[in-house]
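Novice: Would you mind keeping the following structure in view while I ask a few things?
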Amino acid sequence: MMVMAFCILLIPVISTANNTEKSEKDSLKKSNDIAFELPILKTTPANTEEMVPVNPKISIELDSKHKNFNRFREQFEKGAFEILLNDNVVDSSFDSFNKIITINNAKLKFDSQYTLKLKTKANYKSNNDVKNASYSFTFFTEVEDFEVISIE
């Protein structure tokens with residue numbers, strides 16, 4: 001009887017130790033993910049925005065107060081980033097004073113879904129650095145005007 005009681009008491013202790021270890025690993029993984037989060041303040045258009053004009057102003061505003069801003073600032077200033085619109089590289093520029101990336105001359109189609117992806121490097125000398133980061137958002141363009149015809 002005494003041995004069974006002893007075993008029963010050990011099981012919760014072992015189980016708690018395993019849960020604590022797993023919890024610490026999960027917490028560390030989450031903090032590493034946050035460490036490489038791009039400092040995005042807002043996007044224009046907003047994520048999932050609908051009825052966006054086909055000749056929009058598309059921009060990504062960076063948050064200079066974000067804890068990761070300095071980690072990526074040099075890459076933005078050197079142009080060591082890439083913007084893809086539906087997987088196609090598009091021309092863009094970075095305004096270092098206002099901390100805004102602008103997509104230049106985007107040509108969009110009516111009634112379409114677009115995904116914009118910002119890719120940058122924590123280490124601008126390496127394409128394979130695990131600390132490289134990306135951010136994406138999606139929006140939908142307006143429906144082309146059409147004439148309503150009544151049939152009598």
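Here's how to read the names in the structure tokens: chain A, B, ... by the order shown, residue numbers from 1 in each chain, ligand numbers from 1 in the order shown.
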Name all residues at most 12 Å from Ile60 in chain A (count only C-alpha atoms; drop same-chain ones fewer than 2 positions away) and give them as an MDAnalysis selection string.
Specialist: chainID A and resid 38:47 57:58 62:63 76 83 92:95 98:103 116:118 135:137
Novice: Which residue gives the smallest distance to Phe69 in chain A among A:Glu142, A:Asp111, A:Glu49, A:Glu37, with only C-alpha atoms counted?
Specialist: A:Glu37
Novice: Give the answer as one residue: which of A:Tyr114, A:Leu84, A:Glu61, A:Lys109 has the shortest atom-to-atom distance to Val143 in chain A, using only C-alpha atoms?
Specialist: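 The answer is A:Lys109, which sits nearest to Val143 in chain A.
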Novice: Please report the interatomic distance between CA of Asn132 in chain A and CA of Phe36 in chain A in Å with one decimal.
Specialist: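 About the pair CA of Asn132 in chain A and CA of Phe36 in chain A: they are 7.3 Å apart.
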Novice: Skipping near chain neighbours, those fewer than 4 positions away, what residues fall within 6 Å of Lys119 in chain A using only C-alpha atoms, listed as a PyMOL selection string?
Specialist: chain A and resi 81-82+134
Novice: Report, in Å to a single decimal, how far apart CA of Asp87 in chain A and CA of Asp145 in chain A are.
Specialist: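 CA of Asp87 in chain A lies 27.4 Å from CA of Asp145 in chain A.
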Novice: Select from range 45-130 of chain A everything DSSP, run on the backbone, classes as helix (DSSP H, G or I), then give the selection as number ranges by chain.
Specialist: A: 69-77
Novice: A:Arg73, A:Lys67, A:Pro56, A:Leu108: which is nearest Asn86 in chain A, counting only C-alpha atoms?
Specialist: A:Leu108
Novice: Rounded to one decimal in Å, what is the spacing between CA of Phe140 in chain A and CA of Thr48 in chain A?
Specialist: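 Rounded to one decimal, the two atoms are 7.0 Å apart.
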Novice: Ranking A:Gln113, A:Gln75, A:Thr120, A:Asn105 by minimum distance to Val52 in chain A and counting only C-alpha atoms, which one comes first?
Specialist: A:Gln113
